[in-house]
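Listing of run.cif, mmCIF, C-alpha atoms and all ligand atoms
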```cif
data_coords
#
loop_
_atom_site.label_atom_id
_atom_site.label_comp_id
_atom_site.auth_asym_id
_atom_site.auth_seq_id
_atom_site.Cartn_x
_atom_site.Cartn_y
_atom_site.Cartn_z
CA MET A 25 94.64 323.57 18.69
CA ASN A 26 91.99 321.07 19.76
CA ALA A 27 91.45 319.95 23.35
CA ILE A 28 92.62 316.39 22.78
CA ASN A 29 95.94 317.59 21.38
CA GLU A 30 96.52 319.67 24.52
CA THR A 31 95.71 316.68 26.74
CA VAL A 32 97.99 314.33 24.79
CA LYS A 33 100.80 316.91 24.92
CA LYS A 34 100.65 317.02 28.73
CA ILE A 35 100.67 313.22 29.01
CA ARG A 36 103.57 313.04 26.51
CA LYS A 37 105.65 315.58 28.43
CA LYS A 38 105.25 313.60 31.64
CA GLY A 39 105.92 310.31 29.82
CA ILE A 40 109.14 311.60 28.27
CA GLU A 41 110.35 312.81 31.68
CA LYS A 42 109.48 309.47 33.24
CA PHE A 43 110.53 306.94 30.58
CA CYS A 44 113.25 308.74 28.63
CA SER A 45 115.71 309.80 31.32
CA PRO A 46 119.22 308.67 30.35
CA LYS A 47 119.15 306.18 33.24
CA ARG A 48 115.93 304.54 32.06
CA ARG A 49 117.11 304.49 28.47
CA ASP A 50 120.18 302.44 29.34
CA GLY A 51 117.99 299.43 29.93
CA HIS A 52 116.33 299.51 26.55
CA GLY A 53 118.45 296.96 24.72
CA GLY A 54 120.15 297.33 21.36
CA ASP A 55 119.62 299.46 18.29
CA ALA A 56 117.36 297.02 16.47
CA VAL A 57 115.18 293.98 16.92
CA SER A 58 114.70 291.42 14.17
CA PHE A 59 112.84 288.17 13.66
CA LYS A 60 111.33 285.94 11.00
CA GLU A 61 107.62 285.32 10.55
CA LYS A 62 105.20 284.18 7.88
CA ASP A 63 103.36 286.64 5.67
CA TYR A 64 101.35 286.71 2.48
CA LEU A 65 102.87 287.89 -0.79
CA ALA A 66 101.73 287.56 -4.41
CA GLY A 67 99.27 284.78 -3.68
CA ASN A 68 101.49 282.72 -1.39
CA THR A 69 102.51 282.31 2.22
CA VAL A 70 106.16 283.36 2.36
CA ASP A 71 109.01 283.76 4.84
CA ALA A 72 109.19 287.38 5.90
CA GLY A 73 111.71 289.25 7.99
CA VAL A 74 110.94 292.04 10.40
CA ILE A 75 113.54 294.61 11.43
CA ILE A 76 112.61 297.26 13.99
CA LEU A 77 115.19 300.02 13.92
CA LYS A 78 115.71 302.47 16.72
CA THR A 79 115.90 306.07 15.48
CA ARG A 80 115.21 309.48 16.95
CA GLY A 81 111.53 308.48 16.71
CA CYS A 82 108.42 310.07 15.31
CA TRP A 83 108.45 313.89 15.35
CA TRP A 84 104.71 313.94 15.96
CA GLY A 85 104.99 311.43 18.79
CA ARG A 86 107.65 313.54 20.48
CA THR A 87 105.73 316.79 20.50
CA SER A 88 102.24 315.45 20.99
CA GLY A 89 101.29 312.23 19.24
CA CYS A 90 98.52 309.77 18.65
CA THR A 91 96.33 308.82 21.59
CA MET A 92 97.32 305.14 21.50
CA CYS A 93 101.04 305.40 20.66
CA GLY A 94 103.88 305.15 23.16
CA TYR A 95 106.65 304.20 20.72
CA ILE A 96 108.49 307.43 21.30
CA TYR A 97 109.57 306.18 24.74
CA ASP A 98 111.61 303.44 23.03
CA SER A 99 113.47 305.83 20.75
CA SER A 100 116.81 307.50 21.29
CA LYS A 101 116.87 311.26 21.02
CA GLU A 102 120.32 311.47 19.52
CA LYS A 103 120.93 308.74 17.02
CA ARG A 104 123.93 308.53 14.72
CA GLN A 105 123.14 307.49 11.16
CA GLU A 106 126.08 305.07 11.07
CA ASP A 107 124.65 303.28 14.12
CA ILE A 108 121.32 302.84 12.32
CA ILE A 109 123.08 301.34 9.29
CA ASN A 110 125.22 299.06 11.46
CA ALA A 111 122.14 297.88 13.36
CA PHE A 112 120.43 297.15 10.06
CA ASP A 113 123.43 295.14 8.82
CA THR A 114 123.54 293.06 11.97
CA SER A 115 119.79 292.42 11.85
CA LEU A 116 119.92 291.24 8.25
CA GLU A 117 122.40 288.52 9.14
CA GLY A 118 119.72 286.43 10.86
CA LEU A 119 117.15 286.68 8.09
CA GLU A 120 118.48 284.38 5.39
CA GLY A 121 116.06 283.18 2.74
CA ILE A 122 113.29 285.72 3.28
CA GLU A 123 111.25 287.02 0.34
CA TYR A 124 109.56 289.93 2.07
CA LEU A 125 111.43 292.35 4.34
CA LYS A 126 109.44 294.65 6.62
CA ILE A 127 111.37 297.51 8.18
CA PHE A 128 109.80 299.51 10.99
CA ASN A 129 111.24 302.52 12.72
CA SER A 130 108.22 303.54 14.82
CA GLY A 131 108.12 306.79 12.92
CA SER A 132 108.75 307.73 9.30
CA PHE A 133 111.38 306.07 7.13
CA PHE A 134 111.49 309.17 4.93
CA ASP A 135 111.68 311.77 7.70
CA PRO A 136 115.19 313.19 7.19
CA GLY A 137 115.33 313.93 10.91
CA GLU A 138 115.09 310.20 11.61
CA MET A 139 116.97 308.77 8.64
CA SER A 140 119.09 310.80 6.26
CA THR A 141 118.65 310.22 2.52
CA ASP A 142 122.06 308.54 2.47
CA THR A 143 120.95 306.14 5.21
CA VAL A 144 117.75 305.33 3.33
CA LYS A 145 119.73 304.66 0.16
CA ALA A 146 122.30 302.53 1.98
CA ILE A 147 119.58 300.42 3.60
CA PHE A 148 117.78 299.90 0.30
CA GLN A 149 120.99 299.01 -1.46
CA LYS A 150 121.76 296.32 1.12
CA ALA A 151 118.21 294.97 1.30
CA TYR A 152 117.59 294.82 -2.44
CA GLY A 153 121.04 293.34 -2.93
CA ILE A 154 119.82 290.16 -1.27
CA LYS A 155 118.69 287.82 -3.99
CA SER A 156 115.79 286.15 -2.18
CA ILE A 157 114.12 289.47 -1.25
CA ARG A 158 111.31 290.42 -3.62
CA ARG A 159 109.65 293.20 -1.71
CA VAL A 160 110.74 295.66 0.98
CA GLN A 161 108.19 297.42 3.13
CA VAL A 162 108.80 300.59 5.14
CA GLU A 163 106.45 303.03 6.87
CA SER A 164 105.93 306.77 6.81
CA ARG A 165 103.59 309.58 7.71
CA PRO A 166 102.17 311.12 4.51
CA GLU A 167 103.91 314.49 4.86
CA PHE A 168 107.24 312.84 3.99
CA LEU A 169 106.00 311.10 0.86
CA LYS A 170 107.02 313.68 -1.71
CA GLN A 171 107.53 313.00 -5.40
CA ASP A 172 111.06 314.45 -5.74
CA ILE A 173 112.46 312.73 -2.67
CA LEU A 174 110.97 309.33 -3.45
CA GLU A 175 111.89 309.56 -7.11
CA ASP A 176 115.50 310.05 -6.16
CA VAL A 177 115.44 307.19 -3.68
CA VAL A 178 113.66 304.60 -5.83
CA ARG A 179 115.58 305.34 -9.02
CA SER A 180 117.98 302.44 -8.48
CA ILE A 181 115.40 299.96 -7.19
CA ASP A 182 114.34 297.22 -9.56
CA LYS A 183 112.24 295.21 -7.11
CA GLU A 184 109.05 296.06 -5.23
CA LEU A 185 108.79 298.75 -2.59
CA GLU A 186 105.76 299.00 -0.31
CA ILE A 187 105.09 301.93 1.98
CA GLY A 188 102.78 301.65 4.96
CA ILE A 189 100.79 304.69 6.02
CA GLY A 190 99.01 304.81 9.39
CA ILE A 191 95.75 306.10 7.94
CA GLU A 192 93.89 304.57 10.93
CA THR A 193 90.40 305.51 9.65
CA THR A 194 88.88 307.26 6.65
CA SER A 195 86.86 309.48 9.00
CA ASP A 196 88.59 312.84 9.48
CA TYR A 197 86.43 313.39 12.57
CA ILE A 198 87.60 310.19 14.29
CA ARG A 199 91.22 310.70 13.17
CA GLU A 200 91.26 314.18 14.66
CA HIS A 201 89.13 313.82 17.79
CA CYS A 202 89.75 310.22 18.84
CA ILE A 203 93.28 309.56 17.54
CA ASN A 204 94.90 313.01 17.29
CA LYS A 205 96.79 311.92 14.19
CA GLY A 206 97.83 315.34 12.98
CA PHE A 207 96.93 314.83 9.31
CA ASN A 208 93.76 314.42 7.30
CA LEU A 209 92.43 312.29 4.48
CA ARG A 210 93.44 314.88 1.86
CA ASP A 211 97.09 314.43 2.94
CA VAL A 212 96.68 310.68 2.61
CA LYS A 213 95.16 310.93 -0.85
CA ASP A 214 98.01 313.20 -2.01
CA ALA A 215 100.58 310.74 -0.70
CA ILE A 216 98.86 307.77 -2.35
CA LYS A 217 98.89 309.66 -5.64
CA VAL A 218 102.65 310.10 -5.39
CA LEU A 219 103.18 306.43 -4.56
CA LYS A 220 101.00 305.29 -7.45
CA ASN A 221 102.91 307.57 -9.84
CA LEU A 222 106.12 305.89 -8.82
CA ASN A 223 104.72 302.36 -8.89
CA ILE A 224 105.16 301.96 -5.15
CA LYS A 225 102.74 299.65 -3.31
CA VAL A 226 100.48 301.19 -0.69
CA LYS A 227 99.90 299.44 2.62
CA ALA A 228 97.09 301.00 4.65
CA TYR A 229 97.21 300.59 8.40
CA LEU A 230 93.79 300.92 10.00
CA LEU A 231 93.00 301.03 13.69
CA ILE A 232 90.37 298.92 15.38
CA LYS A 233 88.72 300.71 18.30
CA PRO A 234 90.16 304.18 18.73
CA LEU A 235 89.14 305.96 21.94
CA PHE A 236 85.56 307.10 22.50
CA LEU A 237 83.93 304.62 20.11
CA THR A 238 81.70 301.79 21.28
CA GLU A 239 82.66 298.29 20.19
CA LYS A 240 79.97 298.36 17.50
CA GLU A 241 80.99 301.80 16.22
CA ALA A 242 84.60 300.61 16.11
CA ILE A 243 83.70 297.59 13.99
CA GLU A 244 81.63 299.72 11.65
CA ASP A 245 84.35 302.34 11.30
CA ALA A 246 87.02 299.71 10.58
CA ILE A 247 84.88 297.97 7.94
CA LYS A 248 83.92 301.23 6.26
CA SER A 249 87.54 302.41 6.31
CA GLY A 250 88.80 299.10 4.90
CA ILE A 251 86.46 299.32 1.95
CA GLU A 252 87.25 303.00 1.40
CA VAL A 253 91.05 302.67 1.48
CA TYR A 254 90.71 299.92 -1.07
CA GLY A 255 88.85 302.43 -3.23
CA LEU A 256 91.70 304.91 -2.70
CA GLY A 257 94.19 302.41 -4.09
CA ALA A 258 95.54 300.44 -1.11
CA ASP A 259 97.38 297.30 -2.22
CA ARG A 260 97.28 295.72 1.24
CA ILE A 261 95.19 296.50 4.32
CA SER A 262 96.51 295.82 7.78
CA PHE A 263 94.25 296.20 10.82
CA ASN A 264 95.80 297.13 14.15
CA PRO A 265 93.53 296.49 17.12
CA VAL A 266 94.48 299.00 19.82
CA ASN A 267 96.74 297.80 22.62
CA VAL A 268 97.30 299.84 25.77
CA GLN A 269 100.78 301.38 25.62
CA ARG A 270 102.44 303.18 28.49
CA GLY A 271 102.29 306.95 28.74
CA THR A 272 99.32 307.39 26.41
CA LEU A 273 95.83 308.84 26.69
CA VAL A 274 94.53 305.34 26.00
CA GLU A 275 96.39 304.09 29.09
CA TYR A 276 95.12 307.01 31.19
CA LEU A 277 91.49 306.18 30.37
CA TRP A 278 92.05 302.41 30.54
CA LYS A 279 93.35 302.74 34.11
CA ARG A 280 90.12 304.56 34.96
CA ARG A 281 88.10 301.76 33.37
CA GLU A 282 86.90 304.10 30.68
CA TYR A 283 88.47 302.15 27.84
CA ARG A 284 88.66 298.47 26.95
CA PRO A 285 90.78 297.21 24.02
CA PRO A 286 88.68 295.55 21.32
CA TRP A 287 87.42 292.00 21.55
CA LEU A 288 89.18 289.52 19.28
CA TRP A 289 85.69 288.72 17.99
CA SER A 290 85.56 292.27 16.64
CA VAL A 291 88.84 291.73 14.80
CA VAL A 292 87.46 288.52 13.29
CA GLU A 293 84.31 290.33 12.22
CA VAL A 294 86.27 293.14 10.54
CA LEU A 295 88.61 290.73 8.72
CA LYS A 296 85.75 288.56 7.49
CA GLU A 297 83.69 291.46 6.22
CA VAL A 298 86.47 293.49 4.60
CA SER A 299 88.19 290.51 2.96
CA SER A 300 84.90 289.51 1.36
CA ARG A 301 84.54 292.97 -0.17
CA VAL A 302 88.00 293.92 -1.44
CA ASP A 303 90.46 292.33 -3.80
CA VAL A 304 93.74 292.86 -1.92
CA PRO A 305 95.30 291.06 1.07
CA VAL A 306 93.64 291.94 4.38
CA LEU A 307 95.48 291.09 7.55
CA SER A 308 96.07 291.67 11.20
CA HIS A 309 98.99 290.83 13.49
CA PRO A 310 97.52 291.94 16.83
CA THR A 311 100.00 293.02 19.50
CA ALA A 312 99.42 291.71 23.05
CA ALA A 313 96.49 289.55 21.90
CA GLY A 314 94.80 287.75 24.78
CA LYS A 315 96.46 290.04 27.34
CA ILE A 316 94.58 292.51 29.44
CA ARG A 317 96.33 295.41 27.64
CA GLY A 318 95.68 293.95 24.19
CA PRO A 319 92.68 292.84 22.17
CA HIS A 320 91.13 289.98 24.12
CA ASN A 321 88.12 287.75 24.67
CA CYS A 322 87.28 285.74 27.78
CA GLY A 323 90.68 284.19 28.44
CA GLU A 324 89.64 280.68 27.42
CA CYS A 325 89.36 281.14 23.66
CA ASP A 326 91.95 283.90 23.11
CA ASN A 327 94.76 281.62 21.95
CA GLN A 328 92.61 279.81 19.46
CA VAL A 329 91.05 282.98 18.03
CA TYR A 330 94.43 284.72 17.86
CA ARG A 331 95.96 281.74 16.03
CA SER A 332 93.06 281.78 13.56
CA ILE A 333 93.55 285.49 12.88
CA LYS A 334 97.24 284.88 12.22
CA GLU A 335 96.57 281.88 10.00
CA PHE A 336 94.04 283.83 8.02
CA SER A 337 96.45 286.76 7.65
CA VAL A 338 99.25 284.69 6.18
CA THR A 339 97.07 282.52 3.92
CA GLN A 340 94.05 284.73 3.15
CA ASP A 341 91.95 281.60 3.62
CA ALA A 342 88.66 282.75 5.18
CA GLU A 343 88.00 279.18 6.39
CA PHE A 344 90.18 280.02 9.38
CA LEU A 345 87.66 282.65 10.50
CA ILE A 346 84.48 280.64 10.31
CA ASP A 347 83.24 278.11 12.85
CA LEU A 348 85.06 279.88 15.66
CA ASP A 349 83.00 279.89 18.81
CA CYS A 350 83.07 280.21 22.57
CA ARG A 351 80.58 281.03 25.32
CA CYS A 352 81.89 284.60 25.36
CA ARG A 353 80.81 285.19 21.78
CA ARG A 354 77.22 285.62 23.02
CA LYS A 355 78.39 288.11 25.65
CA TRP A 356 80.28 290.07 22.98
CA LYS A 357 77.14 290.19 20.82
CA LYS A 358 75.10 291.47 23.79
CA ILE A 359 77.70 294.16 24.42
CA LEU A 360 77.41 295.31 20.82
CA GLU A 361 73.68 295.88 21.37
CA LEU A 362 73.70 297.22 24.91
CA GLU A 363 76.57 299.71 24.58
CA GLN A 364 74.63 301.42 21.83
CA LEU A 365 71.61 301.84 24.09
CA LEU A 366 73.70 303.24 26.92
S1 LIG B 1 101.17 306.19 15.69
FE1 LIG B 1 102.74 306.74 14.18
S2 LIG B 1 102.32 308.91 13.73
FE2 LIG B 1 101.26 308.46 15.64
S3 LIG B 1 102.74 309.08 17.22
FE3 LIG B 1 103.00 306.86 16.84
S4 LIG B 1 104.65 306.71 15.35
FE4 LIG B 1 103.89 308.85 15.29
ZN ZN B 2 85.78 283.03 24.92
#
```
Can you turn what I pasted into structure tokens?
Ligand code: SF4
Ligand SMILES: [Zn+2]
Amino acid sequence: MNAINETVKKIRKKGIEKFCSPKRRDGHGGDAVSFKEKDYLAGNTVDAGVIILKTRGCWWGRTSGCTMCGYIYDSSKEKRQEDIINAFDTSLEGLEGIEYLKIFNSGSFFDPGEMSTDTVKAIFQKAYGIKSIRRVQVESRPEFLKQDILEDVVRSIDKELEIGIGIETTSDYIREHCINKGFNLRDVKDAIKVLKNLNIKVKAYLLIKPLFLTEKEAIEDAIKSGIEVYGLGADRISFNPVNVQRGTLVEYLWKRREYRPPWLWSVVEVLKEVSSRVDVPVLSHPTAAGKIRGPHNCGECDNQVYRSIKEFSVTQDAEFLIDLDCRCRRKWKKILELEQLL
């Protein structure tokens, strides 16, 4: 067991005691959150729906977890399958007319401990039954993407399915020592092979600025990973700049001023470079952009840069990323040089 895993485990144990007591959990709202947004699908900007379902949560996040992830504190340890299906039904009601449905459960859609096979099938049946929906996207760790299970589930689907995998980086070293992801690139490649066999689209989630990397190293790792996941067969690449979530190793180091979330300029740089070198949609929907806990610039230009990132993501028009400027861009460039020297 590596040292970072032991450290994350201790932080997780404390976090679960602090944030997941029954009293605290009462205040956590309903069983799902849903909203509409724009996204990019088959060459067009389309109306997309997002449903975030509350389940038992990610098994890896509960026992140890990734250094930046605090989603487990929003999960419910005991979750009845019928409640998940009911929450899904209710969420769908507000999403009329969407073409692309993105379902998140802050864990793995195909982990039977989170969602039973019957629940998965019921959700797909309802989602694909809606005429306007052309593609459904879910997410999963690679260990749950097995041929026999997926084959059984997708048998009755005659529209597109896309599965997102939090690959984070193509570097096994960074994934293990900076992210503590608990799987390696071989596992990812095996999973992608299964998805390709079954004609399922692959969405690769990549992280921008895991712990212990300088800003420049983070940009380089994200660009390299973007190009490499494209080579592995990704049909869509989504970059997640790190945001500081409660009860994580990232938060622990951030509070000690030993970590800063990435600059939005770094996100722009990664999107520009990767999109010019791959032939699939490249996007980013940064969480907490412009906030101190999220990817941010100087405070003055954050809104404009964030809007440009979003516009680019839903149109794939690189024009949105050029001609952006602010006084802080020079500071960011200096940091890229100086951090390396230090
Ligand atoms: S990032 Fe994903 S795999 Fe890692 S702990 Fe969070 S939900 Fe689990
Ligand atoms: Zn600025």
Write out as a PyMOL selection string the residues lying within 12 Å of Leu116 in chain A, counting only C-alpha atoms and excluding same-chain residues fewer than 6 positions away.
-> chain A and resi 56-60+72-77+109-110+122+125-127+147-148+150-154+157
Selection near Phe43 in chain A, 10 Å with only C-alpha atoms, sequence-local residues under 6 positions removed, as number ranges by chain = A: 49, 96-98, 270-271
Separation of CA of Thr87 in chain A from CA of Ser99 in chain A in Å =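 That distance, rounded to one decimal, is 13.4 Å.
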Could you pull the residues within 10 Å of Lys33 in chain A, counting all atoms listed in the file, minus those fewer than 2 positions along the same chain, as JSON, numbers by chain?
-> {"A": [27, 28, 29, 30, 31, 35, 36, 37, 38, 39, 85, 86, 87, 88, 89, 90, 91, 272, 273]}
Please identify every residue of chain A that has at least one atom no farther than 12 Å from an atom of ligand ZN 2 (chain B), counting only C-alpha atoms and all ligand atoms, and for each give the shortest atom pair and the distance in Å to one decimal, arranged by chain then increasing number, as a tab-separated table.
```
residue	atom	partner	partner_atom	distance
A:Trp287	CA	B:ZN2	ZN	9.7
A:Leu288	CA	B:ZN2	ZN	9.2
A:Trp289	CA	B:ZN2	ZN	9.0
A:Gly314	CA	B:ZN2	ZN	10.2
A:His320	CA	B:ZN2	ZN	8.8
A:Asn321	CA	B:ZN2	ZN	5.3
A:Cys322	CA	B:ZN2	ZN	4.2
A:Gly323	CA	B:ZN2	ZN	6.1
A:Glu324	CA	B:ZN2	ZN	5.2
A:Cys325	CA	B:ZN2	ZN	4.2
A:Asp326	CA	B:ZN2	ZN	6.5
A:Asn327	CA	B:ZN2	ZN	9.6
A:Gln328	CA	B:ZN2	ZN	9.3
A:Val329	CA	B:ZN2	ZN	8.7
A:Tyr330	CA	B:ZN2	ZN	11.3
A:Leu348	CA	B:ZN2	ZN	9.8
A:Asp349	CA	B:ZN2	ZN	7.4
A:Cys350	CA	B:ZN2	ZN	4.6
A:Arg351	CA	B:ZN2	ZN	5.6
A:Cys352	CA	B:ZN2	ZN	4.2
A:Arg353	CA	B:ZN2	ZN	6.3
A:Arg354	CA	B:ZN2	ZN	9.1
A:Lys355	CA	B:ZN2	ZN	9.0
A:Trp356	CA	B:ZN2	ZN	9.1
A:Lys357	CA	B:ZN2	ZN	11.9
```
CA of Val226 in chain A and CA of Ser300 in chain A, how far apart in Å?
->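 Distance reported for this atom pair: 19.6 Å.
Put simply, CA of Glu120 in chain A is 12.7 Å away from CA of Val70 in chain A.
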Using all atoms listed in the file, which residues of chain A come within 6 Å of ligand LIG 1 (chain B), and what is the closest atom pair for each, with the distance in Å to one decimal? Give it as a Markdown table, sorted by chain and residue number.
```
| residue | atom | partner | partner_atom | distance |
| --- | --- | --- | --- | --- |
| A:Cys82 | CA | B:LIG1 | FE4 | 4.7 |
| A:Trp84 | CA | B:LIG1 | FE4 | 5.2 |
| A:Gly85 | CA | B:LIG1 | S3 | 3.6 |
| A:Gly89 | CA | B:LIG1 | S3 | 4.0 |
| A:Cys90 | CA | B:LIG1 | FE2 | 4.3 |
| A:Cys93 | CA | B:LIG1 | FE3 | 4.5 |
| A:Tyr95 | CA | B:LIG1 | FE3 | 6.0 |
| A:Ser130 | CA | B:LIG1 | S4 | 4.8 |
| A:Gly131 | CA | B:LIG1 | S4 | 4.2 |
| A:Lys205 | CA | B:LIG1 | FE2 | 5.8 |
```
Find the nearest atom pair between each residue of range 35-100 of chain A and range 138-144 of chain A for residues within 8 Å, count all atoms listed in the file, give distances in Å to one decimal, sort rows by chain and ascending number, and present the table as a Markdown table.
```
| residue | atom | partner | partner_atom | distance |
| --- | --- | --- | --- | --- |
| A:Thr79 | CA | A:Glu138 | CA | 5.7 |
| A:Arg80 | CA | A:Glu138 | CA | 5.4 |
| A:Gly81 | CA | A:Glu138 | CA | 6.5 |
| A:Cys82 | CA | A:Glu138 | CA | 7.6 |
```
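Closest approach to Leu277 in chain A among A:Val338, A:Leu219, A:Leu235, A:Ile224 is made by A:Leu235 (distances from all atoms listed in the file).
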Of the listed residues A:Leu237, A:Ala111, A:Val218, A:Leu295, that which approaches Ser308 in chain A most closely, counting all atoms listed in the file |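 Comparing A:Leu237, A:Ala111, A:Val218, A:Leu295 against Ser308 in chain A, the winner is A:Leu295.
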Which is closest to Val177 in chain A among A:Ser195, A:Asn204, A:Ser100, A:Gln149, if we use only C-alpha atoms?
->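 Selected residue with least distance to Val177 in chain A: A:Gln149.
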List the neighbours of Met92 in chain A out to 8 Å using all atoms listed in the file; skip same-chain residues closer than 6 positions along the sequence, and give me the result as a PyMOL selection string.
-> chain A and resi 203+234+266-269+272-275
